[in-house]
>>> print(open('my_file06.txt').read())   # compact mmCIF, C-alpha atoms
# COMPACT_ATOMS: atom_id res chain seq x y z
CA MET A 26 -4.54 -1.31 58.64
CA PRO A 27 -5.08 -4.94 57.63
CA LEU A 28 -8.63 -6.25 57.22
CA GLY A 29 -9.80 -9.83 56.79
CA GLY A 30 -12.29 -10.75 54.09
CA VAL A 31 -13.31 -8.39 51.28
CA ILE A 32 -10.86 -9.83 48.70
CA GLY A 33 -12.87 -10.83 45.64
CA SER A 34 -15.30 -7.96 46.08
CA ASP A 35 -15.38 -5.42 43.24
CA LEU A 36 -14.81 -2.79 45.94
CA VAL A 37 -11.13 -3.78 45.88
CA LYS A 38 -11.01 -3.32 42.09
CA HIS A 39 -12.42 0.21 42.30
CA ARG A 40 -10.48 1.45 45.34
CA LYS A 41 -7.05 2.34 44.02
CA ASP A 42 -5.94 3.33 47.53
CA TRP A 43 -6.51 -0.20 48.88
CA GLN A 44 -3.84 -2.87 48.49
CA VAL A 45 -3.84 -6.64 48.63
CA ILE A 46 -0.54 -8.08 49.90
CA ASP A 47 0.78 -11.44 51.09
CA ASP A 48 0.15 -11.58 54.83
CA PRO A 49 3.64 -10.85 56.26
CA LEU A 50 2.74 -12.40 59.63
CA GLY A 51 1.51 -15.61 58.05
CA LYS A 52 -1.65 -15.57 60.18
CA GLY A 53 -4.04 -15.74 57.28
CA ASN A 54 -4.03 -18.28 54.50
CA GLY A 55 -2.15 -16.03 52.09
CA ARG A 56 -3.41 -12.68 50.90
CA ILE A 57 -4.72 -9.85 53.09
CA LEU A 58 -6.23 -6.43 52.36
CA LEU A 59 -4.59 -3.20 53.55
CA LEU A 60 -6.60 0.00 54.03
CA PRO A 61 -5.07 3.45 54.54
CA ALA A 62 -6.18 5.50 57.54
CA ILE A 63 -8.79 8.15 56.79
CA LYS A 64 -7.83 11.62 58.05
CA PRO A 65 -10.83 13.93 57.51
CA ASP A 66 -10.42 17.67 57.84
CA PHE A 67 -13.76 17.87 59.59
CA ALA A 68 -16.16 15.64 61.48
CA LEU A 69 -19.70 17.03 61.77
CA PHE A 70 -22.20 15.46 64.13
CA HIS A 71 -25.14 16.07 66.42
CA ALA A 72 -25.21 14.88 70.04
CA PRO A 73 -27.60 15.07 72.98
CA LEU A 74 -25.46 17.01 75.47
CA ALA A 75 -22.35 19.14 75.95
CA ASP A 76 -20.91 21.20 78.80
CA ARG A 77 -19.45 24.72 78.95
CA GLU A 78 -15.90 23.34 78.56
CA GLY A 79 -16.81 21.87 75.17
CA ASN A 80 -16.91 18.22 76.24
CA VAL A 81 -19.58 16.34 74.28
CA TRP A 82 -21.62 13.42 75.60
CA VAL A 83 -22.44 10.81 72.92
CA GLY A 84 -23.22 7.84 75.19
CA LYS A 85 -22.77 4.53 73.44
CA ARG A 86 -22.52 6.10 69.98
CA ARG A 87 -18.82 5.38 70.12
CA GLU A 88 -18.28 5.62 66.37
CA LEU A 89 -18.50 9.36 67.03
CA PHE A 90 -15.40 9.03 69.23
CA THR A 91 -13.62 7.37 66.31
CA MET A 92 -14.71 10.14 63.94
CA ALA A 93 -13.63 12.88 66.33
CA HIS A 94 -10.29 11.19 67.04
CA ALA A 95 -9.55 10.77 63.32
CA SER A 96 -10.53 14.29 62.22
CA ALA A 97 -8.47 17.46 62.42
CA HIS A 98 -11.58 19.38 63.50
CA SER A 99 -14.94 18.39 64.93
CA LEU A 100 -17.93 20.71 64.69
CA VAL A 101 -20.78 19.55 66.90
CA THR A 102 -24.37 20.62 67.45
CA VAL A 103 -26.12 19.55 70.65
CA GLU A 104 -29.61 19.47 72.07
CA ARG A 105 -28.58 20.89 75.41
CA ILE A 106 -25.59 22.50 77.14
CA ARG A 107 -25.21 21.98 80.86
CA ASP A 108 -23.21 24.05 83.30
CA ASP A 109 -21.34 21.33 85.27
CA SER A 110 -18.45 19.42 83.73
CA LEU A 111 -19.38 16.10 82.13
CA LEU A 112 -15.90 14.76 82.91
CA GLU A 113 -16.46 15.15 86.66
CA ASP A 114 -19.51 12.94 86.50
CA ASP A 115 -18.53 9.26 86.15
CA LEU A 116 -21.90 8.27 84.67
CA TYR A 117 -21.30 10.66 81.79
CA ALA A 118 -17.50 10.73 81.54
CA ALA A 119 -17.12 7.31 79.87
CA GLY A 120 -19.46 8.39 77.09
CA THR A 121 -17.97 11.85 76.68
CA VAL A 122 -15.69 13.01 73.86
CA PRO A 123 -13.27 15.39 75.62
CA SER A 124 -12.99 18.94 74.33
CA MET A 125 -9.42 18.40 73.09
CA TYR A 126 -10.98 16.77 70.01
CA ILE A 127 -13.78 19.33 69.63
CA THR A 128 -13.29 22.53 67.62
CA ALA A 129 -16.67 24.14 68.27
CA ILE A 130 -20.11 23.37 69.60
CA ALA A 131 -23.47 25.06 69.03
CA GLN A 132 -26.84 24.40 70.58
CA ALA A 133 -29.45 23.29 68.03
CA LYS A 134 -32.61 21.93 69.59
CA ASN A 135 -34.15 19.13 67.54
CA GLY A 136 -30.99 19.42 65.45
CA ALA A 137 -31.10 15.89 64.01
CA TRP A 138 -34.49 16.56 62.40
CA PRO A 139 -35.86 15.09 60.16
CA LEU A 140 -33.74 12.15 61.38
CA GLY A 141 -34.07 10.99 64.95
CA LEU A 142 -31.64 11.13 67.84
CA ALA A 143 -31.36 7.85 69.75
CA GLY A 144 -32.71 8.25 73.27
CA SER A 145 -34.19 11.69 72.54
CA TYR A 146 -36.67 11.59 69.66
CA GLY A 147 -37.64 9.45 66.69
CA ARG A 148 -37.38 10.32 63.03
CA ASP A 149 -40.06 12.29 61.23
CA ASN A 150 -41.12 9.88 58.49
CA ALA A 151 -43.52 12.31 56.82
CA ALA A 152 -40.81 14.97 56.58
CA ILE A 153 -38.28 12.46 55.24
CA ALA A 154 -40.76 11.34 52.56
CA GLU A 155 -41.41 14.97 51.65
CA TYR A 156 -37.67 15.63 51.44
CA ALA A 157 -37.15 12.52 49.28
CA ARG A 158 -39.80 13.76 46.83
CA ALA A 159 -38.37 17.30 46.79
CA ALA A 160 -34.75 16.19 46.42
CA LYS A 161 -35.41 14.42 43.12
CA THR A 162 -34.67 17.71 41.37
CA GLN A 163 -32.19 20.49 42.13
CA THR A 164 -35.03 23.04 42.22
CA GLY A 165 -36.98 20.89 44.66
CA PHE A 166 -33.92 20.38 46.84
CA ASP A 167 -33.13 24.10 46.87
CA ALA A 168 -36.72 24.96 47.77
CA TRP A 169 -36.74 22.40 50.59
CA MET A 170 -33.49 23.75 52.01
CA GLN A 171 -34.79 27.29 51.72
CA SER A 172 -38.07 26.63 53.48
CA HIS A 173 -36.75 24.31 56.20
CA LEU A 174 -33.16 25.20 56.86
CA ALA A 175 -32.83 28.88 55.93
CA ALA A 176 -35.90 29.70 58.00
CA ARG A 177 -34.44 27.82 60.90
CA ILE A 178 -30.99 29.40 60.74
CA LYS A 179 -32.67 32.82 60.74
CA CYS A 180 -34.83 31.83 63.69
CA ASP A 181 -31.90 30.42 65.71
CA ALA A 182 -29.83 33.53 65.00
CA GLU A 183 -32.56 35.70 66.45
CA MET B 9 -53.32 -27.39 62.72
CA LYS B 10 -52.88 -24.91 59.86
CA VAL B 11 -54.06 -21.35 59.56
CA GLU B 12 -56.21 -19.90 56.78
CA THR B 13 -54.94 -16.39 56.24
CA VAL B 14 -51.23 -15.72 56.63
CA SER B 15 -49.46 -12.67 55.26
CA SER B 16 -46.36 -13.17 53.12
CA GLU B 17 -44.29 -11.52 55.87
CA GLU B 18 -45.59 -13.95 58.49
CA PHE B 19 -44.93 -16.87 56.17
CA LEU B 20 -41.30 -15.80 55.62
CA ILE B 21 -40.73 -15.03 59.30
CA CYS B 22 -41.94 -18.50 60.30
CA ALA B 23 -39.95 -20.24 57.56
CA ILE B 24 -36.69 -18.46 58.48
CA SER B 25 -37.35 -19.07 62.16
CA ARG B 26 -37.59 -22.84 61.52
CA LEU B 27 -34.27 -22.77 59.65
CA LEU B 28 -32.66 -20.96 62.60
CA CYS B 29 -34.10 -23.52 65.04
CA THR B 30 -32.74 -26.48 63.09
CA SER B 31 -29.27 -24.99 62.55
CA ASP B 32 -26.53 -25.10 65.17
CA ILE B 33 -26.65 -21.41 66.05
CA GLY B 34 -25.97 -19.73 69.38
CA HIS B 35 -25.87 -16.07 68.35
CA VAL B 36 -27.71 -14.48 65.47
CA ALA B 37 -27.07 -10.86 64.52
CA VAL B 38 -29.48 -8.85 62.39
CA GLY B 39 -28.63 -5.71 60.43
CA ALA B 40 -30.40 -2.37 60.54
CA ALA B 41 -33.12 -2.56 57.90
CA SER B 42 -34.08 -6.22 58.37
CA PRO B 43 -37.45 -6.52 60.14
CA ILE B 44 -38.31 -9.97 58.69
CA PRO B 45 -34.99 -11.59 59.72
CA GLY B 46 -35.21 -9.75 63.05
CA ALA B 47 -38.68 -11.11 63.70
CA ALA B 48 -37.57 -14.61 62.62
CA ALA B 49 -34.64 -14.56 65.04
CA LEU B 50 -36.81 -13.36 67.93
CA LEU B 51 -39.40 -16.02 67.06
CA ALA B 52 -36.73 -18.76 67.03
CA GLN B 53 -35.65 -17.55 70.48
CA ALA B 54 -39.23 -17.52 71.76
CA THR B 55 -40.07 -20.93 70.24
CA ASP B 56 -37.80 -23.36 72.03
CA ASN B 57 -34.49 -21.67 72.22
CA PRO B 58 -34.21 -19.29 75.18
CA GLN B 59 -30.41 -19.63 75.03
CA LEU B 60 -30.33 -18.20 71.51
CA ARG B 61 -28.75 -14.75 71.58
CA VAL B 62 -30.35 -12.27 69.20
CA SER B 63 -28.61 -8.97 68.48
CA ILE B 64 -30.35 -6.36 66.37
CA ILE B 65 -28.02 -3.63 65.14
CA HIS B 66 -30.58 -0.86 65.27
CA GLY B 67 -32.21 1.14 68.05
CA ASP B 68 -31.88 0.23 71.72
CA THR B 69 -34.06 -2.88 72.12
CA ASN B 70 -32.31 -6.24 71.61
CA ASN B 71 -29.18 -4.26 70.74
CA PRO B 72 -26.31 -5.25 73.08
CA PHE B 73 -23.57 -3.23 71.38
CA THR B 74 -21.99 -0.40 73.38
CA ASP B 75 -18.71 0.17 71.57
CA GLY B 76 -19.68 1.80 68.32
CA GLY B 77 -20.06 0.57 64.77
CA ARG B 78 -16.86 -1.46 64.85
CA GLU B 79 -18.04 -3.79 67.61
CA LEU B 80 -20.26 -5.95 65.37
CA PHE B 81 -17.35 -6.50 63.00
CA ASP B 82 -14.86 -7.31 65.75
CA CYS B 83 -17.43 -9.72 67.23
CA ALA B 84 -17.85 -11.44 63.87
CA GLY B 85 -14.09 -11.58 63.30
CA GLN B 86 -13.62 -13.28 66.66
CA GLY B 87 -16.22 -15.90 65.77
CA ARG B 88 -18.80 -14.66 68.28
CA ILE B 89 -21.59 -14.47 65.69
CA ASP B 90 -22.97 -17.67 64.15
CA ALA B 91 -25.61 -16.31 61.80
CA PHE B 92 -26.22 -13.08 59.90
CA PHE B 93 -28.54 -11.98 57.10
CA LEU B 94 -27.63 -10.31 53.83
CA GLY B 95 -29.89 -9.15 51.03
CA GLY B 96 -29.05 -8.34 47.47
CA VAL B 97 -30.33 -6.19 44.65
CA GLN B 98 -28.97 -9.11 42.65
CA ILE B 99 -27.77 -12.53 43.78
CA ASP B 100 -26.16 -14.96 41.36
CA GLY B 101 -25.77 -18.73 41.22
CA ALA B 102 -22.30 -18.58 42.79
CA ALA B 103 -23.85 -16.69 45.75
CA ASN B 104 -22.15 -13.44 44.82
CA ILE B 105 -24.27 -10.53 46.03
CA ASN B 106 -24.71 -7.03 44.64
CA LEU B 107 -25.86 -4.25 46.96
CA VAL B 108 -24.50 -1.39 44.85
CA GLY B 109 -26.58 -1.00 41.71
CA LEU B 110 -27.59 -2.14 38.25
CA GLY B 111 -25.49 -1.64 35.14
CA LYS B 112 -21.75 -1.39 34.73
CA TYR B 113 -20.32 0.42 37.76
CA PRO B 114 -19.72 3.35 38.10
CA GLU B 115 -22.25 4.14 35.34
CA THR B 116 -25.07 2.43 37.20
CA THR B 117 -28.60 2.86 35.89
CA ARG B 118 -30.10 2.23 39.33
CA ARG B 119 -28.18 2.95 42.51
CA PHE B 120 -28.85 1.18 45.82
CA PRO B 121 -27.55 1.90 49.32
CA GLY B 122 -24.21 0.11 48.94
CA SER B 123 -22.05 -2.76 50.12
CA PHE B 124 -21.50 -1.58 53.72
CA GLY B 125 -19.85 -4.37 55.73
CA SER B 126 -21.17 -7.23 53.58
CA ALA B 127 -17.77 -8.17 52.14
CA TYR B 128 -16.45 -8.61 55.67
CA MET B 129 -19.45 -10.29 57.34
CA TYR B 130 -19.76 -12.79 54.47
CA PHE B 131 -16.20 -14.00 55.19
CA THR B 132 -16.49 -14.18 58.96
CA VAL B 133 -19.99 -15.42 59.86
CA PRO B 134 -20.34 -19.19 59.31
CA ASN B 135 -24.07 -19.18 58.47
CA VAL B 136 -25.08 -16.29 56.25
CA PHE B 137 -28.75 -16.33 55.25
CA LEU B 138 -29.36 -14.60 51.94
CA PHE B 139 -32.76 -13.03 51.71
CA ALA B 140 -34.55 -12.07 48.47
CA HIS B 141 -37.88 -10.24 48.76
CA GLU B 142 -38.62 -10.96 45.12
CA HIS B 143 -37.89 -14.34 43.55
CA SER B 144 -37.42 -13.39 39.91
CA ALA B 145 -34.90 -13.61 37.09
CA ARG B 146 -34.08 -9.91 37.53
CA VAL B 147 -32.97 -10.47 41.16
CA LEU B 148 -31.57 -14.00 40.84
CA VAL B 149 -29.27 -13.41 37.88
CA PRO B 150 -26.62 -15.48 36.05
CA ARG B 151 -23.92 -12.99 37.07
CA VAL B 152 -24.26 -9.95 39.34
CA ASP B 153 -23.40 -6.54 37.81
CA PHE B 154 -21.21 -5.66 40.80
CA ILE B 155 -19.76 -8.07 43.35
CA SER B 156 -20.30 -6.43 46.73
CA ALA B 157 -19.32 -9.68 48.41
CA PRO B 158 -18.20 -12.90 46.72
CA GLY B 159 -19.94 -16.20 47.53
CA SER B 160 -16.72 -18.16 47.70
CA SER B 161 -12.97 -17.53 47.81
CA PRO B 162 -9.78 -19.15 46.53
CA ASP B 163 -7.65 -21.18 48.95
CA ASP B 164 -5.15 -18.37 49.54
CA VAL B 165 -7.77 -16.11 51.14
CA ALA B 166 -8.73 -16.83 54.76
CA ARG B 167 -12.45 -17.44 55.05
CA LYS B 168 -14.50 -18.97 57.86
CA GLY B 169 -17.88 -17.75 56.75
CA GLY B 170 -20.19 -17.81 53.79
CA PRO B 171 -23.62 -18.49 52.38
CA LYS B 172 -25.81 -21.14 54.02
CA TYR B 173 -29.36 -20.57 52.73
CA LEU B 174 -31.14 -18.40 50.22
CA VAL B 175 -34.69 -17.65 51.32
CA SER B 176 -37.24 -15.97 49.05
CA ASN B 177 -41.01 -15.61 48.86
CA LEU B 178 -41.01 -18.72 46.63
CA ALA B 179 -38.27 -21.04 47.80
CA ILE B 180 -35.67 -22.13 50.28
CA MET B 181 -32.34 -23.11 48.77
CA GLU B 182 -29.15 -24.31 50.41
CA PHE B 183 -25.74 -23.32 49.09
CA ASP B 184 -23.37 -26.21 48.45
CA ARG B 185 -19.95 -24.71 49.10
CA SER B 186 -17.99 -27.53 47.45
CA LYS B 187 -20.07 -27.52 44.24
CA LYS B 188 -20.58 -23.74 44.44
CA LEU B 189 -24.26 -23.90 43.57
CA PHE B 190 -27.67 -23.63 45.18
CA ARG B 191 -29.82 -26.68 45.85
CA LEU B 192 -33.59 -26.24 46.03
CA LEU B 193 -34.88 -27.64 49.33
CA SER B 194 -38.51 -26.50 49.37
CA VAL B 195 -41.08 -24.51 47.45
CA ALA B 196 -43.76 -22.23 48.89
CA PRO B 197 -47.29 -23.71 48.98
CA GLY B 198 -49.20 -23.13 45.75
CA HIS B 199 -46.02 -22.97 43.65
CA SER B 200 -44.12 -25.62 41.72
CA VAL B 201 -40.51 -26.63 41.26
CA ALA B 202 -40.87 -25.77 37.56
CA GLU B 203 -42.00 -22.24 38.44
CA VAL B 204 -39.03 -21.75 40.77
CA VAL B 205 -36.62 -23.01 38.09
CA GLU B 206 -38.20 -20.66 35.54
CA LYS B 207 -38.00 -17.64 37.85
CA THR B 208 -34.41 -18.33 38.87
CA GLY B 209 -31.91 -16.74 36.49
CA PHE B 210 -29.18 -19.27 37.27
CA LYS B 211 -28.82 -23.03 37.23
CA ILE B 212 -29.81 -24.77 40.44
CA GLU B 213 -29.75 -28.34 41.68
CA ILE B 214 -33.03 -29.87 42.88
CA ALA B 215 -32.80 -31.80 46.15
CA PRO B 216 -34.04 -35.39 45.68
CA ASP B 217 -36.43 -34.86 48.58
CA VAL B 218 -37.56 -31.36 47.55
CA SER B 219 -40.68 -30.52 49.54
CA THR B 220 -43.32 -27.87 50.13
CA THR B 221 -42.29 -25.21 52.64
CA SER B 222 -44.41 -25.69 55.76
CA GLU B 223 -47.11 -23.14 56.47
CA PRO B 224 -46.82 -21.37 59.83
CA GLU B 225 -48.20 -23.34 62.75
CA VAL B 226 -50.93 -21.79 64.90
CA GLU B 227 -48.55 -21.84 67.86
CA GLN B 228 -45.87 -20.05 65.85
CA LEU B 229 -48.26 -17.30 64.79
CA GLU B 230 -49.58 -16.93 68.30
CA LEU B 231 -46.05 -16.54 69.70
CA LEU B 232 -45.22 -14.13 66.90
CA LYS B 233 -48.15 -11.86 67.71
CA ARG B 234 -48.09 -12.15 71.49
CA LYS B 235 -44.39 -12.23 72.27
CA VAL B 236 -42.33 -11.17 69.25
CA ALA B 237 -44.38 -8.28 67.85
CA PRO B 238 -44.25 -6.08 71.00
CA SER B 239 -40.46 -6.50 71.17
CA LEU B 240 -40.05 -5.97 67.42
CA ALA B 241 -42.21 -2.82 67.54
CA ARG B 242 -39.55 -1.09 69.62
CA THR B 243 -37.02 -1.56 66.80
CA TYR B 244 -39.26 -1.50 63.72
CA PRO B 245 -42.45 0.40 64.64
CA ASP B 246 -43.64 1.01 61.06
CA PHE B 247 -43.15 -2.59 59.93
CA THR B 248 -44.76 -4.01 63.06
CA ALA B 249 -47.81 -1.75 62.76
CA ARG B 250 -48.23 -2.68 59.08
CA VAL B 251 -47.89 -6.45 59.54
CA PHE B 252 -49.32 -7.04 63.01
CA GLY B 253 -51.60 -4.03 63.43
CA LYS B 254 -51.33 -0.94 65.59
CA ASP B 255 -51.92 -2.80 68.85
CA ALA B 256 -48.71 -4.85 68.67
>>> encode(input="my_file06.txt", output="structure tokens")
Amino acid sequence: MPLGGVIGSDLVKHRKDWQVIDDPLGKGNGRILLLPAIKPDFALFHAPLADREGNVWVGKRRELFTMAHASAHSLVTVERIRDDSLLEDDLYAAGTVPSMYITAIAQAKNGAWPLGLAGSYGRDNAAIAEYARAAKTQTGFDAWMQSHLAARIKCDAE
Amino acid sequence: MKVETVSSEEFLICAISRLLCTSDIGHVAVGAASPIPGAAALLAQATDNPQLRVSIIHGDTNNPFTDGGRELFDCAGQGRIDAFFLGGVQIDGAANINLVGLGKYPETTRRFPGSFGSAYMYFTVPNVFLFAHEHSARVLVPRVDFISAPGSSPDDVARKGGPKYLVSNLAIMEFDRSKKLFRLLSVAPGHSVAEVVEKTGFKIEIAPDVSTTSEPEVEQLELLKRKVAPSLARTYPDFTARVFGKDA
């Protein structure tokens, strides 16, 4: 797709997949940047709510729609799964990514931790600072993952 | 009436707010990690400008966007945003900004968060305020190591936007787009033009009427604490608690 601006940034120099061409429609002053579409194999994200049909409510976080639309598969964790269909409820439907774009969902309470989830909970600054210190080395990162994530996966599985 | 003790954050907020009030701006947008510009925009709105629209791209308060990350950019492209703020790990005399890192990319010696949408916003928003937390020759350099967004463009590249002011803890400079250089407008109280020139790593022009940046007025500070801080706290709780105290 074409994008205004950007030309003259070193980003253009280092992105071999971007191209600068003469604007064929003559709407700009001359040159315009072209960007290829991104087609990810997977989109991974966390959302507040899903239903049993696999529809996922993201509210106004509409960049998640874009990610799900672009990706071949979307794997989503959610705070809560409700029994009634989100698509039959107008208040939710407009903010719901339909299940045709969703490969799988899993419930993970507090799943954005240590980051926050808008409208649900804030970020855990102390935990983020601890992670930042730990992640300076591979050993520290591994230990952090082991103590926080491995324990949690085990707990959720049980 | 002047105030005795003012934090550096309050000083910058009030200075930027005055620039916003005196510019012809209807809609100012503020990026995610920008509490000082955010506070300045809200203060400008509270001061004498209730029609000023302030959009903070972070959290739910003062954030009008409902159509995902692209909406800010589409808004800017359509000319709906008059002012925006950009920082820089380095800023040079041609108003090129570097948000990527130090050293020759990709072998950077220090890596920073990245360019994000800067190279688009800089071209589309008419009044971009550059903001430097530290006024020094290591930030304000002769030539940035990586151009995240260029300060000016050749004639065959469409461009409606660009740099308007550079605000730092020491000085306020205006960018002259025809001469492609910064002009020093005012210097923070207690500092001199010579000091600013020495701590600026590029050549600047000195405005004939260069002045001392005004200290915050009592009324400004009162508005800031009473009206702006509670609103700002909902977007930037840590910053607000640090600068205005826990009660804000």
>>> closest_atom_pairs(input="my_file06.txt", of="chain A", to="chain B", cutoff="6 Å", atoms="all atoms listed in the file", output="tab-separated table")
residue	atom	partner	partner_atom	distance
A:Gly30	CA	B:Tyr128	CA	4.9
A:Val31	CA	B:Ala127	CA	4.5
A:Gly33	CA	B:Pro158	CA	5.8
A:Ser34	CA	B:Ala157	CA	5.0
A:Asp35	CA	B:Ile155	CA	5.1
A:Gly53	CA	B:Ala166	CA	5.4
A:Asn54	CA	B:Ala166	CA	4.9
A:Gly55	CA	B:Asp164	CA	4.6
A:Arg56	CA	B:Val165	CA	5.6
A:Lys85	CA	B:Thr74	CA	5.0
A:Arg86	CA	B:Gly76	CA	5.4
A:Arg87	CA	B:Gly76	CA	4.1
A:Glu88	CA	B:Gly76	CA	4.5
>>> write_last_selection(input="my_file06.txt", atoms="C-alpha atoms", output="mmCIF file, keeping the file's coordinate frame")
data_model
loop_
_atom_site.group_PDB
_atom_site.id
_atom_site.type_symbol
_atom_site.label_atom_id
_atom_site.label_comp_id
_atom_site.auth_asym_id
_atom_site.auth_seq_id
_atom_site.Cartn_x
_atom_site.Cartn_y
_atom_site.Cartn_z
ATOM 1 C CA GLY A 30 -12.290 -10.750 54.090
ATOM 2 C CA VAL A 31 -13.310 -8.390 51.280
ATOM 3 C CA GLY A 33 -12.870 -10.830 45.640
ATOM 4 C CA SER A 34 -15.300 -7.960 46.080
ATOM 5 C CA ASP A 35 -15.380 -5.420 43.240
ATOM 6 C CA GLY A 53 -4.040 -15.740 57.280
ATOM 7 C CA ASN A 54 -4.030 -18.280 54.500
ATOM 8 C CA GLY A 55 -2.150 -16.030 52.090
ATOM 9 C CA ARG A 56 -3.410 -12.680 50.900
ATOM 10 C CA LYS A 85 -22.770 4.530 73.440
ATOM 11 C CA ARG A 86 -22.520 6.100 69.980
ATOM 12 C CA ARG A 87 -18.820 5.380 70.120
ATOM 13 C CA GLU A 88 -18.280 5.620 66.370
#
>>> atom_distance(input="my_file06.txt", atom1="atom CA of Gln132 of chain A", atom2="atom CA of Ala93 of chain A")
18.0 Å
>>> closest_residue(input="my_file06.txt", among="B:Pro245, B:Gly87, B:Pro224, B:Gly209", to="Ser144 of chain B", atoms="all atoms listed in the file")
B:Gly209
>>> closest_residue(input="my_file06.txt", among="A:Ile63, A:Pro123, A:Ala118, A:Trp138", to="Gly84 of chain A", atoms="all atoms listed in the file")
A:Ala118
>>> atom_distance(input="my_file06.txt", atom1="atom CA of Arg250 of chain B", atom2="atom CA of Ala23 of chain B")
19.5 Å
>>> residues_around(input="my_file06.txt", residues="segment 192-201 of chain B", least_positions_apart="3", cutoff="6 Å", atoms="all atoms listed in the file", output="list in words")
Leu178, Ala179, Ile180, Met181, Val204, Ile214, Ala215, Val218, Ser219, Thr220 and Thr221 of chain B
>>> closest_residue(input="my_file06.txt", among="B:Ile65, B:Leu27, B:Leu189, B:Val36", to="Gly101 of chain B", atoms="all atoms listed in the file")
B:Leu189
>>> atom_distance(input="my_file06.txt", atom1="atom CA of Glu203 of chain B", atom2="atom CA of Val136 of chain B")
25.3 Å
